[in-house]
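Structure first, commentary second.
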Amino acid sequence: MRIRSIAVAFLMLAAPALAWADPTGTFQVKGINPDNGQQYGGTVKVVRNGETYNVTWNIGGQEYVGTGLGAKFIGDRFQMGPASPDDTALSVGYISGNSFGMAMYFLQPDGTWQGVWTYAGSNKASAENWLPR
């Protein structure tokens with residue numbers, strides 16, 4: 001009986017995060033520029049496109065375009081595969097002018113996506129958070 005109560009309590013706590021699992025939509029972006037430490041903000045739109053994601057940021061009037069792959073926990077393992085509404089992680093490669101970069105984002109219990117990113121040739125990484133709109 002005690003194990004059943006613990007399982008029910010876990011499911012009740014996990015249910016809100018599961019409801020937010022789909023990484024598609026438009027989010028408010030808040031991040032930190034790794035070169036100067038200044039904060040920036042804008043929006044990001046994530047659209048499922050077959051087995052991948054189209055990711056488009058608009059920051060300071062400039063557009064950045066990326067392609068993402070999803071992943072999720074299945075049991076006690078992290079599984080990567082085709083884009084799915086159940087994805088709780090995204091890996092994104094993006095273009096910035098004549099350069100490129102990469103980022104990873106993970107769904108948080110409050111429904112936000114917490115990420116880290118870098119760009120070609122950099123020796124720094126920085127934080128970026130997506131807040132549902």
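Residue names in the structure tokens use chain letters A, B, ... in the order shown, residue numbers from 1 in each chain, and ligand numbers from 1 in the order shown.
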Practice item. Would you please give, as a PyMOL selection string, all residues of chain A that DSSP assigns to strand (DSSP E or B) based on the backbone? Key: chain A and resi 25-32+39-49+52-59+62-74+77-81+89-96+99-107+113-119+126-132
Using only C-alpha atoms, what does the table of range 56-111 of chain A residues within 10 Å of range 29-44 of chain A look like, with each row giving the shortest atom pair and its distance in Å to one decimal, sorted by chain and ascending number, as a tab-separated table?
```
residue	atom	partner	partner_atom	distance
A:Thr56	CA	A:Val44	CA	5.5
A:Trp57	CA	A:Val44	CA	4.2
A:Asn58	CA	A:Thr43	CA	5.3
A:Ile59	CA	A:Gly42	CA	4.5
A:Gly60	CA	A:Gly42	CA	6.7
A:Gly61	CA	A:Gly42	CA	8.4
A:Gln62	CA	A:Gly42	CA	9.5
A:Glu63	CA	A:Val44	CA	9.4
A:Tyr64	CA	A:Val44	CA	9.1
A:Val65	CA	A:Val44	CA	9.7
```
Using only all heavy atoms, please write the residues we just selected to a file, as a PDB file, in the first residue's frame.
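Below is the file that was written, selection.pdb:
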```pdb
ATOM      1  N   THR A  56      13.315  28.899 -34.749  1.00  0.00           N
ATOM      2  CA  THR A  56      13.603  30.247 -35.238  1.00  0.00           C
ATOM      3  C   THR A  56      13.573  31.222 -34.065  1.00  0.00           C
ATOM      4  O   THR A  56      12.537  31.393 -33.421  1.00  0.00           O
ATOM      5  CB  THR A  56      12.573  30.683 -36.299  1.00  0.00           C
ATOM      6  OG1 THR A  56      12.523  29.690 -37.329  1.00  0.00           O
ATOM      7  CG2 THR A  56      12.955  32.023 -36.901  1.00  0.00           C
ATOM      8  N   TRP A  57      14.724  31.837 -33.788  1.00  0.00           N
ATOM      9  CA  TRP A  57      14.818  32.864 -32.745  1.00  0.00           C
ATOM     10  C   TRP A  57      14.671  34.233 -33.398  1.00  0.00           C
ATOM     11  O   TRP A  57      15.118  34.453 -34.525  1.00  0.00           O
ATOM     12  CB  TRP A  57      16.192  32.850 -32.090  1.00  0.00           C
ATOM     13  CG  TRP A  57      16.536  31.690 -31.242  1.00  0.00           C
ATOM     14  CD1 TRP A  57      16.447  31.616 -29.876  1.00  0.00           C
ATOM     15  CD2 TRP A  57      17.105  30.444 -31.663  1.00  0.00           C
ATOM     16  NE1 TRP A  57      16.911  30.404 -29.441  1.00  0.00           N
ATOM     17  CE2 TRP A  57      17.312  29.659 -30.514  1.00  0.00           C
ATOM     18  CE3 TRP A  57      17.431  29.904 -32.900  1.00  0.00           C
ATOM     19  CZ2 TRP A  57      17.859  28.384 -30.561  1.00  0.00           C
ATOM     20  CZ3 TRP A  57      17.975  28.634 -32.958  1.00  0.00           C
ATOM     21  CH2 TRP A  57      18.171  27.892 -31.803  1.00  0.00           C
ATOM     22  N   ASN A  58      14.087  35.183 -32.687  1.00  0.00           N
ATOM     23  CA  ASN A  58      14.083  36.588 -33.059  1.00  0.00           C
ATOM     24  C   ASN A  58      14.593  37.341 -31.842  1.00  0.00           C
ATOM     25  O   ASN A  58      13.894  37.440 -30.822  1.00  0.00           O
ATOM     26  CB  ASN A  58      12.697  37.078 -33.468  1.00  0.00           C
ATOM     27  CG  ASN A  58      12.764  38.469 -34.063  1.00  0.00           C
ATOM     28  OD1 ASN A  58      13.428  39.358 -33.540  1.00  0.00           O
ATOM     29  ND2 ASN A  58      12.076  38.654 -35.170  1.00  0.00           N
ATOM     30  N   ILE A  59      15.825  37.836 -31.935  1.00  0.00           N
ATOM     31  CA  ILE A  59      16.466  38.518 -30.813  1.00  0.00           C
ATOM     32  C   ILE A  59      16.999  39.854 -31.310  1.00  0.00           C
ATOM     33  O   ILE A  59      17.832  39.893 -32.229  1.00  0.00           O
ATOM     34  CB  ILE A  59      17.598  37.661 -30.214  1.00  0.00           C
ATOM     35  CG1 ILE A  59      17.003  36.360 -29.664  1.00  0.00           C
ATOM     36  CG2 ILE A  59      18.352  38.418 -29.135  1.00  0.00           C
ATOM     37  CD1 ILE A  59      17.989  35.329 -29.223  1.00  0.00           C
ATOM     38  N   GLY A  60      16.496  40.915 -30.739  1.00  0.00           N
ATOM     39  CA  GLY A  60      16.941  42.243 -31.141  1.00  0.00           C
ATOM     40  C   GLY A  60      16.687  42.529 -32.608  1.00  0.00           C
ATOM     41  O   GLY A  60      17.478  43.218 -33.249  1.00  0.00           O
ATOM     42  N   GLY A  61      15.598  41.989 -33.174  1.00  0.00           N
ATOM     43  CA  GLY A  61      15.269  42.217 -34.565  1.00  0.00           C
ATOM     44  C   GLY A  61      16.057  41.346 -35.536  1.00  0.00           C
ATOM     45  O   GLY A  61      15.873  41.443 -36.742  1.00  0.00           O
ATOM     46  N   GLN A  62      16.937  40.504 -35.028  1.00  0.00           N
ATOM     47  CA  GLN A  62      17.712  39.610 -35.888  1.00  0.00           C
ATOM     48  C   GLN A  62      17.168  38.195 -35.767  1.00  0.00           C
ATOM     49  O   GLN A  62      16.847  37.730 -34.676  1.00  0.00           O
ATOM     50  CB  GLN A  62      19.189  39.633 -35.498  1.00  0.00           C
ATOM     51  CG  GLN A  62      20.063  38.908 -36.474  1.00  0.00           C
ATOM     52  CD  GLN A  62      21.544  39.188 -36.238  1.00  0.00           C
ATOM     53  OE1 GLN A  62      21.914  40.038 -35.443  1.00  0.00           O
ATOM     54  NE2 GLN A  62      22.388  38.456 -36.936  1.00  0.00           N
ATOM     55  N   GLU A  63      17.081  37.503 -36.916  1.00  0.00           N
ATOM     56  CA  GLU A  63      16.546  36.146 -36.935  1.00  0.00           C
ATOM     57  C   GLU A  63      17.692  35.133 -37.019  1.00  0.00           C
ATOM     58  O   GLU A  63      18.647  35.314 -37.767  1.00  0.00           O
ATOM     59  CB  GLU A  63      15.623  35.972 -38.136  1.00  0.00           C
ATOM     60  CG  GLU A  63      14.888  34.657 -38.151  1.00  0.00           C
ATOM     61  CD  GLU A  63      13.862  34.588 -39.260  1.00  0.00           C
ATOM     62  OE1 GLU A  63      14.248  34.195 -40.388  1.00  0.00           O
ATOM     63  OE2 GLU A  63      12.698  34.934 -39.000  1.00  0.00           O
ATOM     64  N   TYR A  64      17.577  34.082 -36.217  1.00  0.00           N
ATOM     65  CA  TYR A  64      18.522  32.961 -36.220  1.00  0.00           C
ATOM     66  C   TYR A  64      17.709  31.698 -36.496  1.00  0.00           C
ATOM     67  O   TYR A  64      16.658  31.499 -35.898  1.00  0.00           O
ATOM     68  CB  TYR A  64      19.228  32.833 -34.871  1.00  0.00           C
ATOM     69  CG  TYR A  64      19.949  34.083 -34.461  1.00  0.00           C
ATOM     70  CD1 TYR A  64      19.302  35.081 -33.738  1.00  0.00           C
ATOM     71  CD2 TYR A  64      21.285  34.284 -34.798  1.00  0.00           C
ATOM     72  CE1 TYR A  64      19.955  36.241 -33.354  1.00  0.00           C
ATOM     73  CE2 TYR A  64      21.953  35.445 -34.426  1.00  0.00           C
ATOM     74  CZ  TYR A  64      21.278  36.417 -33.707  1.00  0.00           C
ATOM     75  OH  TYR A  64      21.937  37.561 -33.335  1.00  0.00           O
ATOM     76  N   VAL A  65      18.195  30.852 -37.389  1.00  0.00           N
ATOM     77  CA  VAL A  65      17.445  29.675 -37.823  1.00  0.00           C
ATOM     78  C   VAL A  65      18.217  28.410 -37.465  1.00  0.00           C
ATOM     79  O   VAL A  65      19.430  28.332 -37.690  1.00  0.00           O
ATOM     80  CB  VAL A  65      17.196  29.729 -39.347  1.00  0.00           C
ATOM     81  CG1 VAL A  65      16.471  28.488 -39.826  1.00  0.00           C
ATOM     82  CG2 VAL A  65      16.418  30.983 -39.705  1.00  0.00           C
TER      83      VAL A  65
END
```
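Residue nearest Asp87 in chain A, chosen from A:Val46, A:Leu69, A:Ala125, A:Leu131 and counting only C-alpha atoms: A:Leu69.
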Review point. Which residues, written as number ranges by chain, have at least one atom at most 9 Å from Asn129 in chain A, with only C-alpha atoms counted and residues fewer than 6 positions away on the same chain left out?
Key: A: 28-31, 105, 112-116
**Study point:** Straight-line distance linking CA of Met102 in chain A with CA of Ser122 in chain A, stated in Å to one decimal
**Key:** 11.0 Å
Exercise for review: Give me every alpha helix (DSSP H) residue in chain A, going by DSSP on the backbone, as a ChimeraX atom specification.
Suggested key: /A:2-19
Take the residues that were just selected and, keeping N, CA and C atoms, output them as a PDB file, in the first residue's frame.
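New file out26.pdb:
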```pdb
ATOM      1  N   ARG A   2       1.942   1.264   0.782  1.00  0.00           N
ATOM      2  CA  ARG A   2       2.816   2.434   0.859  1.00  0.00           C
ATOM      3  C   ARG A   2       3.467   2.704  -0.502  1.00  0.00           C
ATOM      4  N   ILE A   3       3.898   1.651  -1.188  1.00  0.00           N
ATOM      5  CA  ILE A   3       4.520   1.821  -2.505  1.00  0.00           C
ATOM      6  C   ILE A   3       3.513   2.410  -3.477  1.00  0.00           C
ATOM      7  N   ARG A   4       2.273   1.960  -3.412  1.00  0.00           N
ATOM      8  CA  ARG A   4       1.239   2.498  -4.293  1.00  0.00           C
ATOM      9  C   ARG A   4       1.037   3.985  -4.019  1.00  0.00           C
ATOM     10  N   SER A   5       1.010   4.391  -2.742  1.00  0.00           N
ATOM     11  CA  SER A   5       0.845   5.803  -2.391  1.00  0.00           C
ATOM     12  C   SER A   5       1.994   6.640  -2.920  1.00  0.00           C
ATOM     13  N   ILE A   6       3.213   6.105  -2.822  1.00  0.00           N
ATOM     14  CA  ILE A   6       4.379   6.831  -3.332  1.00  0.00           C
ATOM     15  C   ILE A   6       4.275   6.972  -4.845  1.00  0.00           C
ATOM     16  N   ALA A   7       3.869   5.912  -5.533  1.00  0.00           N
ATOM     17  CA  ALA A   7       3.729   5.962  -6.994  1.00  0.00           C
ATOM     18  C   ALA A   7       2.675   6.982  -7.410  1.00  0.00           C
ATOM     19  N   VAL A   8       1.551   7.019  -6.711  1.00  0.00           N
ATOM     20  CA  VAL A   8       0.490   7.986  -7.019  1.00  0.00           C
ATOM     21  C   VAL A   8       0.990   9.404  -6.782  1.00  0.00           C
ATOM     22  N   ALA A   9       1.720   9.619  -5.686  1.00  0.00           N
ATOM     23  CA  ALA A   9       2.262  10.949  -5.392  1.00  0.00           C
ATOM     24  C   ALA A   9       3.244  11.377  -6.481  1.00  0.00           C
ATOM     25  N   PHE A  10       4.090  10.460  -6.924  1.00  0.00           N
ATOM     26  CA  PHE A  10       5.043  10.778  -7.992  1.00  0.00           C
ATOM     27  C   PHE A  10       4.308  11.169  -9.274  1.00  0.00           C
ATOM     28  N   LEU A  11       3.303  10.398  -9.653  1.00  0.00           N
ATOM     29  CA  LEU A  11       2.549  10.698 -10.870  1.00  0.00           C
ATOM     30  C   LEU A  11       1.847  12.044 -10.776  1.00  0.00           C
ATOM     31  N   MET A  12       1.346  12.386  -9.598  1.00  0.00           N
ATOM     32  CA  MET A  12       0.683  13.688  -9.434  1.00  0.00           C
ATOM     33  C   MET A  12       1.682  14.821  -9.599  1.00  0.00           C
ATOM     34  N   LEU A  13       2.902  14.626  -9.115  1.00  0.00           N
ATOM     35  CA  LEU A  13       3.927  15.658  -9.272  1.00  0.00           C
ATOM     36  C   LEU A  13       4.432  15.729 -10.706  1.00  0.00           C
ATOM     37  N   ALA A  14       4.516  14.587 -11.369  1.00  0.00           N
ATOM     38  CA  ALA A  14       5.044  14.548 -12.729  1.00  0.00           C
ATOM     39  C   ALA A  14       4.011  14.970 -13.762  1.00  0.00           C
ATOM     40  N   ALA A  15       2.737  14.844 -13.469  1.00  0.00           N
ATOM     41  CA  ALA A  15       1.686  15.118 -14.448  1.00  0.00           C
ATOM     42  C   ALA A  15       1.785  16.510 -15.069  1.00  0.00           C
ATOM     43  N   PRO A  16       2.002  17.587 -14.291  1.00  0.00           N
ATOM     44  CA  PRO A  16       2.104  18.889 -14.945  1.00  0.00           C
ATOM     45  C   PRO A  16       3.258  18.951 -15.938  1.00  0.00           C
ATOM     46  N   ALA A  17       4.403  18.370 -15.604  1.00  0.00           N
ATOM     47  CA  ALA A  17       5.543  18.391 -16.519  1.00  0.00           C
ATOM     48  C   ALA A  17       5.229  17.585 -17.774  1.00  0.00           C
ATOM     49  N   LEU A  18       4.538  16.463 -17.623  1.00  0.00           N
ATOM     50  CA  LEU A  18       4.191  15.655 -18.780  1.00  0.00           C
ATOM     51  C   LEU A  18       3.241  16.410 -19.705  1.00  0.00           C
ATOM     52  N   ALA A  19       2.344  17.195 -19.136  1.00  0.00           N
ATOM     53  CA  ALA A  19       1.403  17.969 -19.941  1.00  0.00           C
ATOM     54  C   ALA A  19       2.123  19.037 -20.763  1.00  0.00           C
TER      55      ALA A  19
END
```
